[in-house]
>>> print(open('my_file03.cif').read())   # mmCIF, C-alpha atoms
data_entry
loop_
_atom_site.label_atom_id
_atom_site.label_comp_id
_atom_site.auth_asym_id
_atom_site.auth_seq_id
_atom_site.Cartn_x
_atom_site.Cartn_y
_atom_site.Cartn_z
CA MET I 4 -34.24 -25.10 -45.03
CA ASP I 5 -33.38 -21.64 -46.29
CA GLN I 6 -35.73 -19.03 -47.74
CA ARG I 7 -35.63 -20.58 -51.22
CA GLY I 8 -36.71 -23.97 -49.87
CA GLN I 9 -33.30 -25.59 -50.33
CA ALA I 10 -31.63 -27.63 -47.61
CA THR I 11 -28.85 -25.72 -45.86
CA PRO I 12 -25.61 -27.68 -45.51
CA SER I 13 -24.65 -28.79 -42.04
CA VAL I 14 -21.54 -27.26 -40.53
CA ASP I 15 -19.75 -28.38 -37.39
CA ARG I 16 -19.25 -25.10 -35.51
CA THR I 17 -17.01 -26.69 -32.86
CA VAL I 18 -14.07 -27.18 -35.26
CA THR I 19 -11.37 -24.58 -34.74
CA TYR I 20 -8.12 -24.01 -36.59
CA GLN I 21 -5.61 -21.20 -36.43
CA GLU I 22 -2.54 -20.46 -38.51
CA ASP I 23 -0.42 -17.43 -37.69
CA PRO I 24 2.81 -16.49 -39.46
CA PRO I 25 5.99 -17.28 -37.54
CA ARG I 26 7.47 -14.32 -35.70
CA THR I 27 11.12 -15.40 -35.55
CA TRP I 28 12.32 -13.00 -38.27
CA THR I 29 10.40 -10.10 -36.69
CA ARG I 30 11.91 -10.78 -33.27
CA ILE I 31 15.43 -11.01 -34.70
CA CYS I 32 15.03 -7.71 -36.58
CA LEU I 33 13.57 -5.91 -33.55
CA ALA I 34 16.34 -7.20 -31.27
CA ALA I 35 19.01 -6.15 -33.78
CA TYR I 36 17.45 -2.68 -34.04
CA ALA I 37 17.29 -2.30 -30.25
CA LEU I 38 20.95 -3.37 -29.88
CA TRP I 39 22.00 -1.00 -32.69
CA ALA I 40 20.11 1.93 -31.11
CA ALA I 41 21.65 1.17 -27.69
CA TYR I 42 25.15 0.93 -29.19
CA GLN I 43 24.67 4.24 -30.99
CA ALA I 44 23.33 5.80 -27.77
CA PHE I 45 26.52 4.84 -25.93
CA GLN I 46 28.62 6.30 -28.76
CA LEU I 47 26.71 9.54 -29.38
CA LEU I 48 24.73 10.53 -26.30
CA PRO I 49 24.50 12.97 -24.51
CA ASP I 50 26.65 15.24 -26.72
CA GLN I 51 25.12 14.46 -30.11
CA LEU I 52 21.40 13.89 -29.59
CA THR I 53 20.49 15.05 -33.10
CA ALA I 54 22.96 12.65 -34.71
CA TRP I 55 21.59 9.77 -32.61
CA LEU I 56 18.00 10.60 -33.63
CA VAL I 57 18.99 10.72 -37.31
CA VAL I 58 20.81 7.37 -37.07
CA CYS I 59 17.83 5.78 -35.31
CA ALA I 60 15.37 7.21 -37.88
CA MET I 61 17.44 5.94 -40.82
CA SER I 62 17.80 2.55 -39.14
CA LEU I 63 14.03 2.50 -38.57
CA LEU I 64 13.47 2.90 -42.32
CA LEU I 65 15.68 -0.13 -42.92
CA LEU I 66 13.80 -2.03 -40.22
CA LEU I 67 10.46 -1.28 -41.88
CA CYS I 68 11.82 -2.57 -45.19
CA LEU I 69 12.95 -5.79 -43.52
CA LEU I 70 9.58 -6.25 -41.81
CA ALA I 71 7.36 -5.47 -44.82
CA VAL I 72 6.90 -9.10 -45.87
CA PRO I 73 6.18 -10.49 -42.37
CA LEU I 74 3.70 -7.67 -41.74
CA SER I 75 2.04 -8.36 -45.09
CA LYS I 76 1.76 -12.06 -44.30
CA HIS I 77 0.24 -11.20 -40.92
CA LEU I 78 -2.35 -8.90 -42.49
CA TYR I 79 -3.30 -10.92 -45.56
CA HIS I 80 -2.55 -14.58 -44.80
CA ARG I 81 -3.54 -15.12 -41.18
CA ILE I 82 -6.05 -17.99 -41.09
CA ARG I 83 -8.70 -18.66 -38.45
CA LEU I 84 -11.52 -21.19 -38.58
CA ALA I 85 -14.15 -20.90 -35.83
CA ASP I 86 -17.92 -20.87 -35.46
CA GLY I 87 -18.49 -22.08 -39.02
CA GLU I 88 -16.55 -19.17 -40.51
CA LEU I 89 -13.19 -19.14 -42.26
CA ARG I 90 -11.24 -15.90 -41.89
CA VAL I 91 -8.31 -15.38 -44.22
CA GLY I 92 -6.66 -12.02 -43.79
CA ARG I 93 -9.37 -9.42 -44.27
CA GLU I 94 -12.00 -11.77 -45.71
CA ARG I 95 -14.60 -13.97 -44.07
CA LEU I 96 -16.16 -16.98 -45.75
CA PRO I 97 -18.90 -19.20 -44.36
CA VAL I 98 -17.65 -22.79 -44.35
CA ALA I 99 -21.08 -23.87 -45.61
CA SER I 100 -20.40 -22.00 -48.88
CA LEU I 101 -17.45 -24.27 -49.75
CA THR I 102 -18.40 -27.25 -51.87
CA PRO I 103 -17.63 -30.76 -50.63
CA VAL I 104 -16.52 -31.73 -54.14
CA SER I 105 -13.80 -29.05 -54.19
CA LEU I 106 -12.55 -30.13 -50.76
CA ALA I 107 -12.37 -33.75 -51.94
CA ALA I 108 -10.58 -32.65 -55.14
CA ALA I 109 -8.06 -30.63 -53.11
CA ALA I 110 -7.42 -33.67 -50.90
CA ALA I 111 -6.80 -35.84 -53.99
CA GLU I 112 -4.16 -33.49 -55.45
CA PRO I 113 -0.62 -34.90 -55.54
CA ASP I 114 1.94 -33.45 -53.18
CA ARG I 115 4.39 -30.74 -54.25
CA ALA I 116 7.34 -33.12 -54.46
CA ALA I 117 5.55 -35.28 -57.04
CA LEU I 118 4.68 -32.20 -59.10
CA ARG I 119 8.30 -30.99 -58.91
CA ASP I 120 9.52 -34.38 -60.12
CA TYR I 121 6.97 -34.36 -62.94
CA ARG I 122 8.02 -30.87 -64.07
CA ALA I 123 11.68 -31.92 -63.98
CA SER I 124 10.89 -34.84 -66.30
CA LEU I 125 9.38 -32.63 -69.02
CA THR I 126 11.34 -31.58 -72.08
CA PRO I 127 11.71 -27.83 -72.69
CA ALA I 128 9.06 -27.95 -75.44
CA GLN I 129 6.60 -29.83 -73.19
CA LEU I 130 7.25 -27.39 -70.36
CA LYS I 131 6.66 -24.41 -72.66
CA GLU I 132 3.36 -25.89 -73.87
CA ALA I 133 2.24 -26.63 -70.29
CA ARG I 134 2.99 -23.04 -69.26
CA ARG I 135 1.11 -21.69 -72.29
CA ARG I 136 -1.98 -23.78 -71.43
CA THR I 137 -1.80 -22.80 -67.75
CA ASN I 138 -1.55 -19.08 -68.56
CA ALA I 139 -4.54 -19.38 -70.91
CA LEU I 140 -6.73 -20.48 -68.01
CA THR I 141 -8.25 -17.91 -65.71
CA ARG I 142 -6.58 -17.73 -62.33
CA PRO I 143 -8.76 -18.25 -59.24
CA ARG I 144 -9.11 -15.28 -56.89
CA LEU I 145 -6.66 -15.13 -53.98
CA VAL I 146 -8.49 -14.85 -50.67
CA GLY I 147 -7.30 -12.41 -48.01
CA GLY I 148 -6.54 -9.27 -49.97
CA ALA I 149 -2.97 -9.93 -51.11
CA TRP I 150 -1.72 -9.92 -54.69
CA ALA I 151 0.15 -13.22 -54.72
CA VAL I 152 0.96 -16.32 -52.70
CA PRO I 153 4.16 -15.62 -50.74
CA VAL I 154 7.25 -17.78 -51.01
CA GLY I 155 7.15 -20.62 -48.48
CA MET I 156 3.37 -20.98 -48.58
CA GLU I 157 1.23 -23.45 -50.48
CA GLU I 158 -1.98 -22.93 -52.40
CA LEU I 159 -5.27 -24.55 -51.52
CA VAL I 160 -7.87 -24.18 -54.28
CA VAL I 161 -11.52 -24.50 -53.22
CA GLU I 162 -14.80 -23.63 -54.85
CA THR I 163 -17.88 -21.95 -53.45
CA ALA I 164 -21.48 -23.01 -54.02
CA GLU I 165 -21.81 -20.07 -56.44
CA GLY I 166 -19.05 -21.57 -58.61
CA THR I 167 -16.28 -19.14 -57.72
CA SER I 168 -12.81 -20.66 -57.48
CA LEU I 169 -10.71 -19.36 -54.58
CA VAL I 170 -7.04 -19.76 -53.68
CA ILE I 171 -6.05 -19.80 -50.01
CA ALA I 172 -2.36 -19.36 -49.17
CA THR I 173 -1.41 -21.63 -46.27
CA ARG I 174 1.65 -22.98 -44.47
CA ASP I 175 -0.05 -26.22 -43.45
CA ARG I 176 -2.15 -27.31 -46.41
CA ALA I 177 -3.06 -30.70 -44.96
CA GLY I 178 -4.02 -29.21 -41.58
CA LEU I 179 -6.26 -26.54 -43.11
CA LEU I 180 -7.85 -29.00 -45.52
CA GLY I 181 -8.52 -31.44 -42.66
CA ALA I 182 -10.08 -28.72 -40.53
CA LEU I 183 -12.28 -27.53 -43.41
CA THR I 184 -13.37 -31.09 -44.14
CA ARG I 185 -14.23 -31.73 -40.47
CA ALA I 186 -16.06 -28.42 -40.24
CA ARG I 187 -17.99 -29.09 -43.44
CA GLY I 188 -19.21 -32.36 -41.95
CA SER I 189 -19.82 -35.75 -43.49
CA GLU I 190 -20.82 -34.25 -46.85
CA ALA I 191 -17.21 -33.50 -47.70
CA VAL I 192 -16.13 -37.10 -47.33
CA GLY I 193 -18.05 -38.70 -50.12
CA GLY I 194 -20.37 -36.08 -51.41
CA ARG I 195 -23.26 -37.48 -49.38
CA SER I 196 -24.93 -36.34 -46.19
#
>>> encode(input="my_file03.cif", output="structure tokens")
Amino acid sequence: MDQRGQATPSVDRTVTYQEDPPRTWTRICLAAYALWAAYQAFQLLPDQLTAWLVVCAMSLLLLLCLLAVPLSKHLYHRIRLADGELRVGRERLPVASLTPVSLAAAAAEPDRAALRDYRASLTPAQLKEARRRTNALTRPRLVGGAWAVPVGMEELVVETAEGTSLVIATRDRAGLLGALTRARGSEAVGGRS
């Protein structure tokens, strides 16, 4: 029981889940930069140290541009579930605050392929009307601190006990949803304890 006399939901604190962005692109960019700097060193050093430093600095600016999205995904969309707490980017949410009904609703959503096929079957007028209705609705808040869900990631919409709708950007929607359901306990499976 909490201070208000209400039963506190049970949470399985042993459930852990981790989702880190892939680092392949970052490794490729860093290796290419290192090879470029070494090549330029062989061409320009020791006679033209200033020219080599300028080339490396300009190349570093390009490297930072290429790594902006992976760094952003690492900061804002890294997911960790441990000790009854969900960490998404800079935010922390207690798993107990997520409603079992929203987890069950998220599990019942059709997969992306079915939605793509449905959208493809709409006429232009139907598609325009669907977009108008969707834009009229308020958008749930994106968890983690980012502005939008990056390309290549899926949305998981959950609701808190306070009634706030939240969007979590994830690479493995089914894995995260399964971990949240297991962590939330038996309540999430049928709405009963």
>>> closest_residue(input="my_file03.cif", among="I:Leu67, I:Ile171, I:Val18, I:Ala60", to="Glu158 (chain I)", atoms="all atoms listed in the file")
I:Ile171
>>> resolve_selection(input="my_file03.cif", expression="the PyMOL selection byres ((chain I and resi 59) around 12)", output="NGL selection string")
:I and (36-44 or 47 or 52-58 or 60-66)
>>> write_last_selection(input="my_file03.cif", atoms="C-alpha atoms", output="PDB file, keeping the file's coordinate frame")
ATOM      1  CA  TYR I  36      17.450  -2.680 -34.040  1.00  0.00           C
ATOM      2  CA  ALA I  37      17.290  -2.300 -30.250  1.00  0.00           C
ATOM      3  CA  LEU I  38      20.950  -3.370 -29.880  1.00  0.00           C
ATOM      4  CA  TRP I  39      22.000  -1.000 -32.690  1.00  0.00           C
ATOM      5  CA  ALA I  40      20.110   1.930 -31.110  1.00  0.00           C
ATOM      6  CA  ALA I  41      21.650   1.170 -27.690  1.00  0.00           C
ATOM      7  CA  TYR I  42      25.150   0.930 -29.190  1.00  0.00           C
ATOM      8  CA  GLN I  43      24.670   4.240 -30.990  1.00  0.00           C
ATOM      9  CA  ALA I  44      23.330   5.800 -27.770  1.00  0.00           C
ATOM     10  CA  LEU I  47      26.710   9.540 -29.380  1.00  0.00           C
ATOM     11  CA  LEU I  52      21.400  13.890 -29.590  1.00  0.00           C
ATOM     12  CA  THR I  53      20.490  15.050 -33.100  1.00  0.00           C
ATOM     13  CA  ALA I  54      22.960  12.650 -34.710  1.00  0.00           C
ATOM     14  CA  TRP I  55      21.590   9.770 -32.610  1.00  0.00           C
ATOM     15  CA  LEU I  56      18.000  10.600 -33.630  1.00  0.00           C
ATOM     16  CA  VAL I  57      18.990  10.720 -37.310  1.00  0.00           C
ATOM     17  CA  VAL I  58      20.810   7.370 -37.070  1.00  0.00           C
ATOM     18  CA  ALA I  60      15.370   7.210 -37.880  1.00  0.00           C
ATOM     19  CA  MET I  61      17.440   5.940 -40.820  1.00  0.00           C
ATOM     20  CA  SER I  62      17.800   2.550 -39.140  1.00  0.00           C
ATOM     21  CA  LEU I  63      14.030   2.500 -38.570  1.00  0.00           C
ATOM     22  CA  LEU I  64      13.470   2.900 -42.320  1.00  0.00           C
ATOM     23  CA  LEU I  65      15.680  -0.130 -42.920  1.00  0.00           C
ATOM     24  CA  LEU I  66      13.800  -2.030 -40.220  1.00  0.00           C
TER      25      LEU I  66
END
>>> closest_atom_pairs(input="my_file03.cif", of="region 66-110 of chain I", to="region 173-181 of chain I", cutoff="12 Å", atoms="all atoms listed in the file", output="CSV")
residue,atom,partner,partner_atom,distance
I:Lys76,CA,I:Thr173,CA,10.3
I:His77,CA,I:Thr173,CA,11.8
I:Tyr79,CA,I:Thr173,CA,10.9
I:His80,CA,I:Thr173,CA,7.3
I:Arg81,CA,I:Thr173,CA,8.5
I:Ile82,CA,I:Thr173,CA,7.8
I:Arg83,CA,I:Leu179,CA,9.5
I:Leu84,CA,I:Leu179,CA,8.8
I:Leu89,CA,I:Leu179,CA,10.2
I:Arg90,CA,I:Leu179,CA,11.8
I:Val91,CA,I:Thr173,CA,9.5
I:Gly92,CA,I:Thr173,CA,11.2
I:Val98,CA,I:Leu180,CA,11.7
I:Leu101,CA,I:Leu180,CA,11.5
I:Pro103,CA,I:Leu180,CA,11.2
I:Ser105,CA,I:Leu180,CA,10.5
I:Leu106,CA,I:Leu180,CA,7.1
I:Ala107,CA,I:Leu180,CA,9.2
I:Ala108,CA,I:Leu180,CA,10.6
I:Ala109,CA,I:Leu180,CA,7.8
I:Ala110,CA,I:Leu180,CA,7.1
>>> atom_distance(input="my_file03.cif", atom1="CA of Trp28 (chain I)", atom2="CA of Leu69 (chain I)")
8.9 Å
>>> atom_distance(input="my_file03.cif", atom1="CA of Ala133 (chain I)", atom2="CA of Ala149 (chain I)")
26.0 Å
>>> atom_distance(input="my_file03.cif", atom1="CA of Val154 (chain I)", atom2="CA of Glu22 (chain I)")
16.1 Å
>>> closest_atom_pairs(input="my_file03.cif", of="region 31-123 of chain I", to="region 127-131 of chain I", cutoff="12 Å", atoms="all atoms listed in the file", output="CSV")
residue,atom,partner,partner_atom,distance
I:Tyr121,CA,I:Leu130,CA,10.2
I:Arg122,CA,I:Leu130,CA,7.2
I:Ala123,CA,I:Leu130,CA,9.0
>>> write_last_selection(input="my_file03.cif", atoms="C-alpha atoms", output="short mmCIF file (atom, residue, chain, number, x, y, z; two decimals), in the coordinates of the input")
data_model
loop_
_atom_site.label_atom_id
_atom_site.label_comp_id
_atom_site.auth_asym_id
_atom_site.auth_seq_id
_atom_site.Cartn_x
_atom_site.Cartn_y
_atom_site.Cartn_z
CA TYR I 121 6.97 -34.36 -62.94
CA ARG I 122 8.02 -30.87 -64.07
CA ALA I 123 11.68 -31.92 -63.98
#
>>> residues_around(input="my_file03.cif", residues="Ala85 (chain I)", least_positions_apart="2", cutoff="6 Å", atoms="all atoms listed in the file", output="PyMOL selection string")
chain I and resi 19+87-88
>>> closest_residue(input="my_file03.cif", among="I:Ala182, I:Val161, I:Val14, I:Ile31", to="Glu112 (chain I)", atoms="all atoms listed in the file")
I:Val161
>>> closest_residue(input="my_file03.cif", among="I:Cys32, I:Ala99, I:Leu48, I:Leu74", to="Arg187 (chain I)", atoms="all atoms listed in the file")
I:Ala99
>>> closest_residue(input="my_file03.cif", among="I:Ser168, I:Ser13, I:Thr27, I:Thr163", to="Pro73 (chain I)", atoms="all atoms listed in the file")
I:Thr27
>>> axis_aligned_box(input="my_file03.cif", around="region 82-91 of chain I", padding_each_side="3 Å", output="lines of an AutoDock Vina configuration file")
center_x = -12.3
center_y = -18.7
center_z = -39.8
size_x = 18.4
size_y = 12.7
size_z = 14.8
